[in-house]
Amino acid sequence: MKLNPVYLKESKTSSRTVKTAVIILLFNGVLAAVAFLNLYSMVESLRYTGEVQFSSMLELYMLIAEFEFAMLLLVMPALTSGSISGERERQTLDLLLSTKMRPRQIIIGKLLSALEVASILILSTFPILSLVFIYGGLKMLDLFFLYLYFLVTAFFVGSIGIMFSSVFKKTMISTVVSYLTEVVLLGGSYLIVYFAKQVSDIHYSTDIVAEQTGAGGAVYLLITNPGVNFYSFINQQAGNRRALKELLGGFFNYSENFFFNNWVTIGIVLQIAVAVVCIYIAVKAIDPGRKRF
Amino acid sequence: MFEVKNLCKNYGKFRALNHLDMIVEEGELFGFVGPNGAGKTTTLKILAGLLKADEGQVVIDGVNALKQPNRLKEAIGYMPDFFGVYDNLRVSEYMEFYAAAYGIYGLQARTQYRELLDMVDLADKEDFYVDGLSRGMKQRLCLARALIHNPKILILDEPASGLDPRTRYQFREILKDLNTMGKTILISSHILSELSEMCTDIGIIDGGRMVLRGSMVEILTMVNSANPLEIVVCDKLDEALKLLRRHKLVRTISVDSPKIVVTFGGNQKDEAFLLKMLVEAGVMVNSFVRKQGSLETLFMQITENKDERLVSSNEA
């Protein structure tokens with residue numbers, strides 16, 4: 001089978017460095033520490049109360065998954081933000097572009113190799129996530145969906161990293177901008193909604209009933225927030241379908257509609273769409289056929 | 001053969017290529033020289049498909065290859081002035097990777113890269129890591145890489161920079177062999193003495209235009225014809241001077257006894273007649289030579305009094 005040459009080369013070289021092994025070790029080390037500390041506290045609690053809280057295992061599952069999500073957001077820019085700028089710095093990008101490979105193949109090869117590492121990372125944490133099966137509460141299929149969700153997240157964040165790596169010449173700048181973008185994506189929409197709520201609270205005096213105050217339409221901005229989306233997803237998996245309502249209810253008068261009922265799906269579709277746009281920009285940025293100036 | 005027609009490229013307001021025309025015939029080893037910022041690298045990058053030209057054509061086998069990038073990349077092997085090697089990749093894997101980049105896989109790829117490694121004398125280094133090779137070896141490996149898809153035209157940008165004389169010599173011999181095998185080679189270099197030894201043809205670019213182009217023999221003859229004749233006589237200096245003053249092709253004469261330096265406007269045949277005339281007049285001529293010029297001299301004459309050109313970051 002003729003696989004993408006860049007992907008094959010990247011897989012080969014990354015498997016020869018200790019970097020990948022160290023990332024897997026740290027990733028699993030942190031998750032295992034979180035899981036076992038939590039499990040220890042549960043067992044200690046059991047010794048005093050004599051009561052088994054089955055929901056604690058689901059909470060543990062959610063906690064590990066949230067940690068994993070956060071670490072994936074940290075790892076993916078590190079894997080991708082130097083992929084193209086690194087080729088430029090090594091002066092190998094021109095060599096690649098002088099071959100018959102298209103810019104699209106180069107970008108996809110780089111992204112695939114980053115997703116491969118992400119995939120290994122995610123799969124390697126499944127034994128820790130499987131602690132939930134001690135008492136049950138989740139199905140194997142749920143773990144599979146979590147795996148798919150993480151892959152989409154890795155694809156989304158990885159595409160942003162590759163885009164900046166193609167646009168900026170220096171890996172340092174590309175890495176900083178990638179992390180800043182993540183911060184804006186996670187905190188930006190939340191801050192806007194928060195301020196919209198504050199402004200609204202000031203505008204309406206106390207003689208107006210509480211239901212009239214709120215962030216209004218600005219709350220829909222949160223659909224672009226990967227953190228809110230994951231929070232909603234993981235709570236749904238654990239059976240808490242009211243988590244989104246509880247989160248958004250603090251900002252406005254929550255009432256069910258198409259967007260709130262399909263929050264996770266819309267969020268995932270948006271992330272995939274943004275990732276595709278990022279890949280397009282990355283391809284254009286390295287295309288020698290693109291006219292400069 | 002390939003032909004560059006009316007090639008233009010601007011970097012903002014700076015015109016790097018100004019309607020450049022150039023023809024390189026099949027089997028030529030063409031030296032492409034010019035001062036910094038003259039447009040050499042820009043031209044080579046356009047030929048390698050790494051830069052888009054604003055105007056013009058690159059015609060290969062009767063087709064404008066700029067409109068068909070794949071055709072251009074199939075026909076051209078490009079070796080820039082840097083090595084561009086990867087860490088943690090063996091020589092064989094490096095070659096296999098670039099073979100795959102040209103759509104060559106499996107046995108065909110292995111056969112091809114082994115032949116090339118043998119040609120550049122790296123056959124025994126197949127299992128070595130690329131980043132562990134010496135500078136000269138890396139350079140030969142890059143040449144092999146540029147040839148992996150068996151291109152008709154090889155483009156080399158400053159290939160000998162930073163190499164010791166022995167490695168440069170080895171590299172030059174490989175290029176001569178490739179040329180004998182029928183490859184058309186376009187080589188840009190600042191080491192003009194090497195180009196004059198190796199190239200069959202030469203083109204000098206300045207200000208984005210081709211200012212001189214011809215075969216090496218023609219150009220060196222042209223350079224030499226502008227140089228004075230140096231005649232050393234054993235006796236009858238006055239007789240020799242009398243004859244020289246009367247000759248219609250002699251322009252100036254200066255005497256540094258026993259050497260006479262003559263600015264002579266004739267060709268090689270006229271030189272022979274002048275020598276015959278002196279000998280027949282009984283002047284004992286010890287030495288009769290045209291002072292040899294060099295490509296450096298010509299290059300300096302053509303490009304003198306030019307300020308250092310603005311070089312855009314893209315061309316640097």
# chains A, B, ... in the order shown; residues from 1 in each chain; ligands from 1

call {"tool": "residues_around", "arguments": {"residues": "Ser119 of chain A", "least_positions_apart": "6", "cutoff": "12 Å", "atoms": "only C-alpha atoms", "output": "mmCIF file with all heavy atoms, in the first residue's frame"}}
result
data_model
loop_
_atom_site.group_PDB
_atom_site.id
_atom_site.type_symbol
_atom_site.label_atom_id
_atom_site.label_comp_id
_atom_site.auth_asym_id
_atom_site.auth_seq_id
_atom_site.Cartn_x
_atom_site.Cartn_y
_atom_site.Cartn_z
ATOM 1 N N THR A 20 8.548 10.834 22.149
ATOM 2 C CA THR A 20 7.224 10.204 22.172
ATOM 3 C C THR A 20 7.051 9.359 23.434
ATOM 4 O O THR A 20 6.015 9.423 24.102
ATOM 5 C CB THR A 20 7.044 9.306 20.930
ATOM 6 O OG1 THR A 20 7.522 10.024 19.790
ATOM 7 C CG2 THR A 20 5.602 8.930 20.713
ATOM 8 N N ILE A 24 4.266 9.883 26.448
ATOM 9 C CA ILE A 24 3.331 8.815 26.877
ATOM 10 C C ILE A 24 3.494 8.551 28.380
ATOM 11 O O ILE A 24 2.514 8.428 29.117
ATOM 12 C CB ILE A 24 3.558 7.522 26.056
ATOM 13 C CG1 ILE A 24 3.155 7.766 24.602
ATOM 14 C CG2 ILE A 24 2.772 6.351 26.632
ATOM 15 C CD1 ILE A 24 3.481 6.643 23.647
ATOM 16 N N LEU A 72 -4.430 16.738 26.563
ATOM 17 C CA LEU A 72 -4.431 16.655 25.093
ATOM 18 C C LEU A 72 -4.306 18.062 24.496
ATOM 19 O O LEU A 72 -3.595 18.272 23.510
ATOM 20 C CB LEU A 72 -5.745 16.004 24.637
ATOM 21 C CG LEU A 72 -5.741 15.280 23.302
ATOM 22 C CD1 LEU A 72 -4.692 14.192 23.255
ATOM 23 C CD2 LEU A 72 -7.110 14.677 23.026
ATOM 24 N N VAL A 75 -0.696 18.903 24.813
ATOM 25 C CA VAL A 75 0.254 18.107 24.022
ATOM 26 C C VAL A 75 0.158 18.405 22.520
ATOM 27 O O VAL A 75 1.182 18.514 21.833
ATOM 28 C CB VAL A 75 0.042 16.592 24.297
ATOM 29 C CG1 VAL A 75 0.747 15.734 23.270
ATOM 30 C CG2 VAL A 75 0.529 16.240 25.683
ATOM 31 N N MET A 76 -1.058 18.559 22.021
ATOM 32 C CA MET A 76 -1.219 18.682 20.555
ATOM 33 C C MET A 76 -0.459 19.868 19.938
ATOM 34 O O MET A 76 0.201 19.699 18.909
ATOM 35 C CB MET A 76 -2.702 18.730 20.160
ATOM 36 C CG MET A 76 -3.374 17.373 20.126
ATOM 37 S SD MET A 76 -2.436 16.079 19.307
ATOM 38 C CE MET A 76 -2.680 16.460 17.586
ATOM 39 N N LEU A 111 -0.037 16.060 9.785
ATOM 40 C CA LEU A 111 -1.189 15.971 10.693
ATOM 41 C C LEU A 111 -1.456 14.517 11.088
ATOM 42 O O LEU A 111 -1.714 14.219 12.252
ATOM 43 C CB LEU A 111 -2.418 16.592 10.014
ATOM 44 C CG LEU A 111 -3.641 16.776 10.889
ATOM 45 C CD1 LEU A 111 -3.343 17.692 12.068
ATOM 46 C CD2 LEU A 111 -4.795 17.374 10.091
ATOM 47 N N LEU A 112 -1.353 13.628 10.087
ATOM 48 C CA LEU A 112 -1.586 12.203 10.371
ATOM 49 C C LEU A 112 -0.596 11.671 11.400
ATOM 50 O O LEU A 112 -0.965 10.923 12.299
ATOM 51 C CB LEU A 112 -1.463 11.382 9.081
ATOM 52 C CG LEU A 112 -2.691 11.338 8.177
ATOM 53 C CD1 LEU A 112 -2.385 10.528 6.928
ATOM 54 C CD2 LEU A 112 -3.887 10.731 8.902
ATOM 55 N N SER A 113 0.658 12.098 11.264
ATOM 56 C CA SER A 113 1.660 11.581 12.214
ATOM 57 C C SER A 113 1.386 12.127 13.612
ATOM 58 O O SER A 113 1.564 11.403 14.599
ATOM 59 C CB SER A 113 3.071 11.890 11.744
ATOM 60 O OG SER A 113 3.415 13.197 12.032
ATOM 61 N N THR A 125 -4.168 5.350 27.667
ATOM 62 C CA THR A 125 -4.775 5.736 28.948
ATOM 63 C C THR A 125 -6.037 4.920 29.252
ATOM 64 O O THR A 125 -6.605 5.070 30.333
ATOM 65 C CB THR A 125 -5.169 7.228 28.937
ATOM 66 O OG1 THR A 125 -6.171 7.426 27.936
ATOM 67 C CG2 THR A 125 -3.996 8.132 28.675
ATOM 68 N N PHE A 126 -6.454 4.096 28.322
ATOM 69 C CA PHE A 126 -7.710 3.362 28.521
ATOM 70 C C PHE A 126 -7.690 2.406 29.718
ATOM 71 O O PHE A 126 -8.707 2.243 30.378
ATOM 72 C CB PHE A 126 -8.132 2.651 27.221
ATOM 73 C CG PHE A 126 -8.952 3.544 26.331
ATOM 74 C CD1 PHE A 126 -8.747 4.919 26.325
ATOM 75 C CD2 PHE A 126 -9.956 3.031 25.533
ATOM 76 C CE1 PHE A 126 -9.504 5.758 25.534
ATOM 77 C CE2 PHE A 126 -10.729 3.867 24.726
ATOM 78 C CZ PHE A 126 -10.495 5.242 24.729
ATOM 79 N N LEU A 146 -15.713 8.153 23.606
ATOM 80 C CA LEU A 146 -14.760 9.086 24.219
ATOM 81 C C LEU A 146 -13.489 9.150 23.379
ATOM 82 O O LEU A 146 -12.929 10.225 23.146
ATOM 83 C CB LEU A 146 -14.428 8.631 25.652
ATOM 84 C CG LEU A 146 -13.453 9.547 26.398
ATOM 85 C CD1 LEU A 146 -14.091 10.898 26.715
ATOM 86 C CD2 LEU A 146 -12.974 8.901 27.691
ATOM 87 N N TYR A 147 -13.055 7.973 22.907
ATOM 88 C CA TYR A 147 -11.872 7.898 22.041
ATOM 89 C C TYR A 147 -12.077 8.750 20.779
ATOM 90 O O TYR A 147 -11.210 9.545 20.400
ATOM 91 C CB TYR A 147 -11.606 6.436 21.681
ATOM 92 C CG TYR A 147 -10.569 6.214 20.615
ATOM 93 C CD1 TYR A 147 -9.226 6.459 20.870
ATOM 94 C CD2 TYR A 147 -10.932 5.760 19.345
ATOM 95 C CE1 TYR A 147 -8.270 6.262 19.886
ATOM 96 C CE2 TYR A 147 -9.979 5.552 18.357
ATOM 97 C CZ TYR A 147 -8.649 5.805 18.634
ATOM 98 O OH TYR A 147 -7.709 5.612 17.666
ATOM 99 N N LEU A 148 -13.268 8.583 20.168
ATOM 100 C CA LEU A 148 -13.571 9.370 18.962
ATOM 101 C C LEU A 148 -13.590 10.863 19.285
ATOM 102 O O LEU A 148 -13.082 11.688 18.516
ATOM 103 C CB LEU A 148 -14.924 8.950 18.367
ATOM 104 C CG LEU A 148 -14.989 7.594 17.686
ATOM 105 C CD1 LEU A 148 -16.368 7.383 17.069
ATOM 106 C CD2 LEU A 148 -13.926 7.460 16.590
ATOM 107 N N TYR A 149 -14.167 11.207 20.438
ATOM 108 C CA TYR A 149 -14.243 12.624 20.823
ATOM 109 C C TYR A 149 -12.834 13.198 20.975
ATOM 110 O O TYR A 149 -12.537 14.284 20.481
ATOM 111 C CB TYR A 149 -15.025 12.779 22.138
ATOM 112 C CG TYR A 149 -15.354 14.225 22.419
ATOM 113 C CD1 TYR A 149 -16.588 14.750 22.082
ATOM 114 C CD2 TYR A 149 -14.400 15.085 22.969
ATOM 115 C CE1 TYR A 149 -16.872 16.091 22.288
ATOM 116 C CE2 TYR A 149 -14.677 16.423 23.179
ATOM 117 C CZ TYR A 149 -15.912 16.923 22.846
ATOM 118 O OH TYR A 149 -16.192 18.245 23.039
ATOM 119 N N PHE A 150 -11.977 12.446 21.643
ATOM 120 C CA PHE A 150 -10.590 12.906 21.823
ATOM 121 C C PHE A 150 -9.879 13.050 20.480
ATOM 122 O O PHE A 150 -9.077 13.964 20.288
ATOM 123 C CB PHE A 150 -9.822 11.946 22.725
ATOM 124 C CG PHE A 150 -10.099 12.129 24.197
ATOM 125 C CD1 PHE A 150 -10.025 11.063 25.063
ATOM 126 C CD2 PHE A 150 -10.425 13.370 24.718
ATOM 127 C CE1 PHE A 150 -10.272 11.222 26.426
ATOM 128 C CE2 PHE A 150 -10.676 13.550 26.077
ATOM 129 C CZ PHE A 150 -10.601 12.469 26.932
ATOM 130 N N LEU A 151 -10.171 12.137 19.557
ATOM 131 C CA LEU A 151 -9.541 12.222 18.232
ATOM 132 C C LEU A 151 -9.971 13.497 17.519
ATOM 133 O O LEU A 151 -9.148 14.165 16.887
ATOM 134 C CB LEU A 151 -9.914 11.014 17.372
ATOM 135 C CG LEU A 151 -9.000 9.803 17.436
ATOM 136 C CD1 LEU A 151 -9.371 8.802 16.351
ATOM 137 C CD2 LEU A 151 -7.527 10.178 17.291
ATOM 138 N N VAL A 152 -11.266 13.833 17.647
ATOM 139 C CA VAL A 152 -11.756 15.081 17.025
ATOM 140 C C VAL A 152 -11.052 16.284 17.661
ATOM 141 O O VAL A 152 -10.596 17.195 16.972
ATOM 142 C CB VAL A 152 -13.297 15.211 17.158
ATOM 143 C CG1 VAL A 152 -13.769 16.590 16.723
ATOM 144 C CG2 VAL A 152 -13.987 14.152 16.323
ATOM 145 N N THR A 153 -10.923 16.239 18.990
ATOM 146 C CA THR A 153 -10.229 17.336 19.688
ATOM 147 C C THR A 153 -8.778 17.444 19.196
ATOM 148 O O THR A 153 -8.283 18.540 18.924
ATOM 149 C CB THR A 153 -10.243 17.087 21.219
ATOM 150 O OG1 THR A 153 -11.596 16.933 21.619
ATOM 151 C CG2 THR A 153 -9.612 18.227 21.976
ATOM 152 N N ALA A 154 -8.113 16.282 19.085
ATOM 153 C CA ALA A 154 -6.723 16.278 18.618
ATOM 154 C C ALA A 154 -6.640 16.821 17.194
ATOM 155 O O ALA A 154 -5.731 17.597 16.863
ATOM 156 C CB ALA A 154 -6.164 14.855 18.672
ATOM 157 N N PHE A 155 -7.599 16.452 16.364
ATOM 158 C CA PHE A 155 -7.645 16.928 14.973
ATOM 159 C C PHE A 155 -7.835 18.451 14.945
ATOM 160 O O PHE A 155 -7.134 19.169 14.223
ATOM 161 C CB PHE A 155 -8.813 16.227 14.266
ATOM 162 C CG PHE A 155 -9.048 16.665 12.850
ATOM 163 C CD1 PHE A 155 -8.056 16.562 11.883
ATOM 164 C CD2 PHE A 155 -10.281 17.165 12.465
ATOM 165 C CE1 PHE A 155 -8.287 16.956 10.572
ATOM 166 C CE2 PHE A 155 -10.521 17.571 11.163
ATOM 167 C CZ PHE A 155 -9.522 17.465 10.213
#

call {"tool": "residues_around", "arguments": {"residues": "segment 3-15 of chain A", "least_positions_apart": "2", "cutoff": "9 Å", "atoms": "only C-alpha atoms", "output": "short mmCIF file (atom, residue, chain, number, x, y, z; two decimals) with all heavy atoms, in the first residue's frame"}}
result
data_model
loop_
_atom_site.label_atom_id
_atom_site.label_comp_id
_atom_site.auth_asym_id
_atom_site.auth_seq_id
_atom_site.Cartn_x
_atom_site.Cartn_y
_atom_site.Cartn_z
N MET A 1 0.85 -1.19 0.00
CA MET A 1 0.00 0.00 0.00
C MET A 1 0.89 1.25 0.00
O MET A 1 1.88 1.31 0.72
CB MET A 1 -0.90 0.00 1.23
CG MET A 1 -2.04 0.97 1.10
SD MET A 1 -3.34 0.71 2.32
CE MET A 1 -2.54 1.06 3.86
N THR A 17 12.91 8.54 18.61
CA THR A 17 13.32 9.52 19.62
C THR A 17 12.67 9.15 20.96
O THR A 17 11.65 8.46 21.00
CB THR A 17 12.87 10.94 19.24
OG1 THR A 17 11.44 10.96 19.17
CG2 THR A 17 13.44 11.37 17.91
N VAL A 18 13.24 9.69 22.03
CA VAL A 18 12.66 9.40 23.34
C VAL A 18 11.47 10.33 23.61
O VAL A 18 10.71 10.09 24.54
CB VAL A 18 13.71 9.57 24.48
CG1 VAL A 18 14.69 8.44 24.48
CG2 VAL A 18 14.40 10.90 24.39
N LYS A 19 11.31 11.35 22.76
CA LYS A 19 10.27 12.36 22.98
C LYS A 19 8.88 11.71 23.12
O LYS A 19 8.16 11.98 24.09
CB LYS A 19 10.28 13.34 21.80
CG LYS A 19 9.39 14.54 21.97
CD LYS A 19 9.49 15.44 20.73
CE LYS A 19 8.25 16.27 20.55
NZ LYS A 19 8.20 16.94 19.25
N THR A 20 8.55 10.83 22.15
CA THR A 20 7.22 10.20 22.17
C THR A 20 7.05 9.36 23.43
O THR A 20 6.01 9.42 24.10
CB THR A 20 7.04 9.31 20.93
OG1 THR A 20 7.52 10.02 19.79
CG2 THR A 20 5.60 8.93 20.71
N ALA A 21 8.09 8.59 23.76
CA ALA A 21 8.02 7.72 24.94
C ALA A 21 7.85 8.56 26.21
O ALA A 21 7.05 8.21 27.10
CB ALA A 21 9.28 6.88 25.03
N MET A 101 5.43 15.82 -4.61
CA MET A 101 4.42 15.86 -3.54
C MET A 101 3.75 17.23 -3.53
O MET A 101 4.41 18.25 -3.64
CB MET A 101 5.09 15.63 -2.19
CG MET A 101 4.84 14.25 -1.66
SD MET A 101 5.35 14.09 0.04
CE MET A 101 6.99 14.65 0.01
N GLN A 105 -0.42 17.08 0.50
CA GLN A 105 0.10 15.80 1.00
C GLN A 105 1.05 16.02 2.17
O GLN A 105 1.07 15.23 3.12
CB GLN A 105 0.86 15.08 -0.11
CG GLN A 105 -0.04 14.36 -1.10
CD GLN A 105 0.80 13.78 -2.22
OE1 GLN A 105 1.26 14.51 -3.09
NE2 GLN A 105 1.02 12.49 -2.19
N ILE A 106 1.85 17.09 2.07
CA ILE A 106 2.82 17.36 3.14
C ILE A 106 2.07 17.70 4.44
O ILE A 106 2.37 17.15 5.49
CB ILE A 106 3.76 18.53 2.72
CG1 ILE A 106 4.57 18.13 1.49
CG2 ILE A 106 4.68 18.93 3.87
CD1 ILE A 106 5.36 19.25 0.84
N ILE A 107 1.08 18.57 4.33
CA ILE A 107 0.31 18.98 5.52
C ILE A 107 -0.43 17.78 6.11
O ILE A 107 -0.39 17.55 7.33
CB ILE A 107 -0.69 20.11 5.15
CG1 ILE A 107 0.06 21.37 4.69
CG2 ILE A 107 -1.64 20.42 6.31
CD1 ILE A 107 0.82 22.11 5.75
N ILE A 108 -1.06 17.01 5.24
CA ILE A 108 -1.84 15.86 5.74
C ILE A 108 -0.90 14.82 6.37
O ILE A 108 -1.21 14.24 7.42
CB ILE A 108 -2.72 15.26 4.62
CG1 ILE A 108 -3.87 16.25 4.35
CG2 ILE A 108 -3.27 13.89 5.00
CD1 ILE A 108 -4.74 15.93 3.18
N GLY A 109 0.25 14.61 5.76
CA GLY A 109 1.23 13.68 6.32
C GLY A 109 1.65 14.09 7.72
O GLY A 109 1.74 13.26 8.64
N LYS A 110 1.89 15.38 7.88
CA LYS A 110 2.30 15.90 9.20
C LYS A 110 1.17 15.73 10.22
O LYS A 110 1.41 15.35 11.36
CB LYS A 110 2.64 17.40 9.07
CG LYS A 110 3.91 17.68 8.31
CD LYS A 110 5.10 17.38 9.18
CE LYS A 110 6.39 17.64 8.44
NZ LYS A 110 7.57 17.27 9.23
N LEU A 111 -0.04 16.06 9.78
CA LEU A 111 -1.19 15.97 10.69
C LEU A 111 -1.46 14.52 11.09
O LEU A 111 -1.71 14.22 12.25
CB LEU A 111 -2.42 16.59 10.01
CG LEU A 111 -3.64 16.78 10.89
CD1 LEU A 111 -3.34 17.69 12.07
CD2 LEU A 111 -4.80 17.37 10.09
N LEU A 112 -1.35 13.63 10.09
CA LEU A 112 -1.59 12.20 10.37
C LEU A 112 -0.60 11.67 11.40
O LEU A 112 -0.96 10.92 12.30
CB LEU A 112 -1.46 11.38 9.08
CG LEU A 112 -2.69 11.34 8.18
CD1 LEU A 112 -2.38 10.53 6.93
CD2 LEU A 112 -3.89 10.73 8.90
N SER A 113 0.66 12.10 11.26
CA SER A 113 1.66 11.58 12.21
C SER A 113 1.39 12.13 13.61
O SER A 113 1.56 11.40 14.60
CB SER A 113 3.07 11.89 11.74
OG SER A 113 3.42 13.20 12.03
N ALA A 114 0.93 13.39 13.72
CA ALA A 114 0.58 13.94 15.04
C ALA A 114 -0.64 13.22 15.61
O ALA A 114 -0.69 12.91 16.80
CB ALA A 114 0.31 15.44 14.92
N GLU A 116 -1.47 10.21 14.95
CA GLU A 116 -1.05 8.86 15.33
C GLU A 116 -0.51 8.85 16.76
O GLU A 116 -0.89 8.00 17.57
CB GLU A 116 0.03 8.37 14.36
CG GLU A 116 0.45 6.95 14.60
CD GLU A 116 1.65 6.56 13.75
OE1 GLU A 116 2.67 7.28 13.79
OE2 GLU A 116 1.55 5.56 13.05
N VAL A 117 0.33 9.85 17.05
CA VAL A 117 0.88 9.94 18.42
C VAL A 117 -0.27 10.18 19.41
O VAL A 117 -0.34 9.55 20.47
CB VAL A 117 1.93 11.07 18.51
CG1 VAL A 117 2.43 11.24 19.94
CG2 VAL A 117 3.11 10.79 17.59
N TYR B 86 17.64 15.09 7.63
CA TYR B 86 16.83 14.82 8.82
C TYR B 86 17.63 14.05 9.86
O TYR B 86 18.49 13.25 9.50
CB TYR B 86 15.61 13.99 8.44
CG TYR B 86 14.65 14.70 7.55
CD1 TYR B 86 14.64 14.47 6.18
CD2 TYR B 86 13.73 15.61 8.06
CE1 TYR B 86 13.74 15.12 5.35
CE2 TYR B 86 12.84 16.27 7.24
CZ TYR B 86 12.85 16.01 5.89
OH TYR B 86 11.96 16.66 5.07
N ASP B 87 17.27 14.27 11.11
CA ASP B 87 17.87 13.47 12.19
C ASP B 87 17.17 12.10 12.18
O ASP B 87 16.06 11.97 11.67
CB ASP B 87 17.59 14.11 13.56
CG ASP B 87 18.17 15.50 13.66
OD1 ASP B 87 19.07 15.81 12.86
OD2 ASP B 87 17.71 16.26 14.53
N ASN B 88 17.82 11.15 12.75
CA ASN B 88 17.22 9.82 12.95
C ASN B 88 16.74 9.14 11.66
O ASN B 88 15.75 8.43 11.68
CB ASN B 88 16.05 9.90 13.94
CG ASN B 88 16.51 10.31 15.31
OD1 ASN B 88 17.44 9.73 15.85
ND2 ASN B 88 15.89 11.34 15.84
N LEU B 89 17.40 9.43 10.58
CA LEU B 89 17.04 8.78 9.31
C LEU B 89 18.32 8.23 8.67
O LEU B 89 19.31 8.95 8.55
CB LEU B 89 16.38 9.80 8.39
CG LEU B 89 15.31 9.28 7.42
CD1 LEU B 89 14.17 8.62 8.17
CD2 LEU B 89 14.77 10.41 6.57
N GLU B 93 16.99 5.13 4.07
CA GLU B 93 15.63 5.62 4.33
C GLU B 93 15.42 7.02 3.75
O GLU B 93 14.34 7.34 3.25
CB GLU B 93 15.37 5.65 5.85
CG GLU B 93 15.30 4.26 6.44
CD GLU B 93 15.42 4.25 7.96
OE1 GLU B 93 15.86 5.27 8.53
OE2 GLU B 93 15.10 3.22 8.55
N TYR B 94 16.46 7.82 3.83
CA TYR B 94 16.42 9.17 3.25
C TYR B 94 16.14 9.09 1.75
O TYR B 94 15.29 9.79 1.21
CB TYR B 94 17.76 9.84 3.54
CG TYR B 94 17.94 11.25 3.02
CD1 TYR B 94 17.41 12.33 3.72
CD2 TYR B 94 18.66 11.51 1.86
CE1 TYR B 94 17.59 13.63 3.26
CE2 TYR B 94 18.84 12.80 1.41
CZ TYR B 94 18.31 13.86 2.11
OH TYR B 94 18.49 15.14 1.65
N PHE B 97 12.65 7.78 1.08
CA PHE B 97 11.65 8.82 1.34
C PHE B 97 11.50 9.73 0.11
O PHE B 97 10.38 10.01 -0.35
CB PHE B 97 12.07 9.62 2.58
CG PHE B 97 11.29 10.89 2.78
CD1 PHE B 97 9.90 10.86 2.90
CD2 PHE B 97 11.93 12.11 2.86
CE1 PHE B 97 9.17 12.03 3.08
CE2 PHE B 97 11.21 13.28 3.04
CZ PHE B 97 9.82 13.24 3.15
N TYR B 98 12.63 10.18 -0.42
CA TYR B 98 12.53 11.07 -1.59
C TYR B 98 12.07 10.33 -2.84
O TYR B 98 11.41 10.91 -3.69
CB TYR B 98 13.86 11.82 -1.82
CG TYR B 98 13.96 13.00 -0.89
CD1 TYR B 98 14.72 12.95 0.26
CD2 TYR B 98 13.22 14.16 -1.13
CE1 TYR B 98 14.77 14.02 1.15
CE2 TYR B 98 13.26 15.23 -0.26
CZ TYR B 98 14.03 15.16 0.87
OH TYR B 98 14.06 16.21 1.74
N ALA B 100 9.85 7.96 -2.76
CA ALA B 100 8.39 7.91 -2.56
C ALA B 100 7.76 9.26 -2.88
O ALA B 100 6.64 9.33 -3.39
CB ALA B 100 8.08 7.50 -1.13
N ALA B 101 8.50 10.33 -2.58
CA ALA B 101 7.97 11.67 -2.86
C ALA B 101 7.80 11.90 -4.37
O ALA B 101 7.05 12.78 -4.79
CB ALA B 101 8.91 12.73 -2.28
#

call {"tool": "residues_around", "arguments": {"residues": "Ala35 of chain A", "least_positions_apart": "3", "cutoff": "12 Å", "atoms": "only C-alpha atoms", "output": "PyMOL selection string"}}
result
chain A and resi 28-32+38-42+56-68+125-132

call {"tool": "closest_atom_pairs", "arguments": {"of": "chain B", "to": "chain A", "cutoff": "6 Å", "atoms": "only C-alpha atoms", "output": "Markdown table"}}
result
| residue | atom | partner | partner_atom | distance |
| --- | --- | --- | --- | --- |
| B:Gly12 | CA | A:Phe293 | CA | 5.9 |
| B:Ala48 | CA | A:Ser98 | CA | 5.9 |
| B:Leu50 | CA | A:Pro288 | CA | 5.0 |
| B:Leu51 | CA | A:Pro288 | CA | 5.2 |
| B:Lys52 | CA | A:Gly289 | CA | 5.4 |
| B:Gly84 | CA | A:Thr92 | CA | 4.6 |
| B:Asn88 | CA | A:Thr13 | CA | 5.5 |
| B:Ala100 | CA | A:Pro5 | CA | 5.9 |
| B:Ala101 | CA | A:Met101 | CA | 5.5 |
| B:Tyr102 | CA | A:Lys100 | CA | 5.2 |

call {"tool": "write_last_selection", "arguments": {"atoms": "C-alpha atoms", "output": "short mmCIF file (atom, residue, chain, number, x, y, z; two decimals), in the first residue's frame"}}
result
data_model
loop_
_atom_site.label_atom_id
_atom_site.label_comp_id
_atom_site.auth_asym_id
_atom_site.auth_seq_id
_atom_site.Cartn_x
_atom_site.Cartn_y
_atom_site.Cartn_z
CA GLY B 12 7.44 44.27 -3.90
CA ALA B 48 12.59 24.14 -9.41
CA LEU B 50 9.51 26.76 -5.65
CA LEU B 51 8.54 30.25 -6.73
CA LYS B 52 5.87 31.62 -8.98
CA GLY B 84 18.48 19.70 4.22
CA ASN B 88 17.22 9.82 12.95
CA ALA B 100 8.39 7.91 -2.56
CA ALA B 101 7.97 11.67 -2.86
CA TYR B 102 8.37 11.18 -6.62
#

call {"tool": "residues_around", "arguments": {"residues": "Tyr113 of chain B", "least_positions_apart": "6", "cutoff": "12 Å", "atoms": "only C-alpha atoms", "output": "ChimeraX atom specification"}}
result
/B:91-100,104-107,119-123,126,141-150

call {"tool": "residues_around", "arguments": {"residues": "Phe299 of chain B", "least_positions_apart": "3", "cutoff": "10 Å", "atoms": "only C-alpha atoms", "output": "list in words"}}
result
Val33, Gly34, Pro35, Leu192, Ile204, Ile205, Leu212, Ser294, Leu295, Glu296, Ile302, Thr303 and Glu304 of chain B

call {"tool": "atom_distance", "arguments": {"atom1": "atom CA of Val279 of chain B", "atom2": "atom CA of Asn224 of chain B"}}
result
23.3 Å
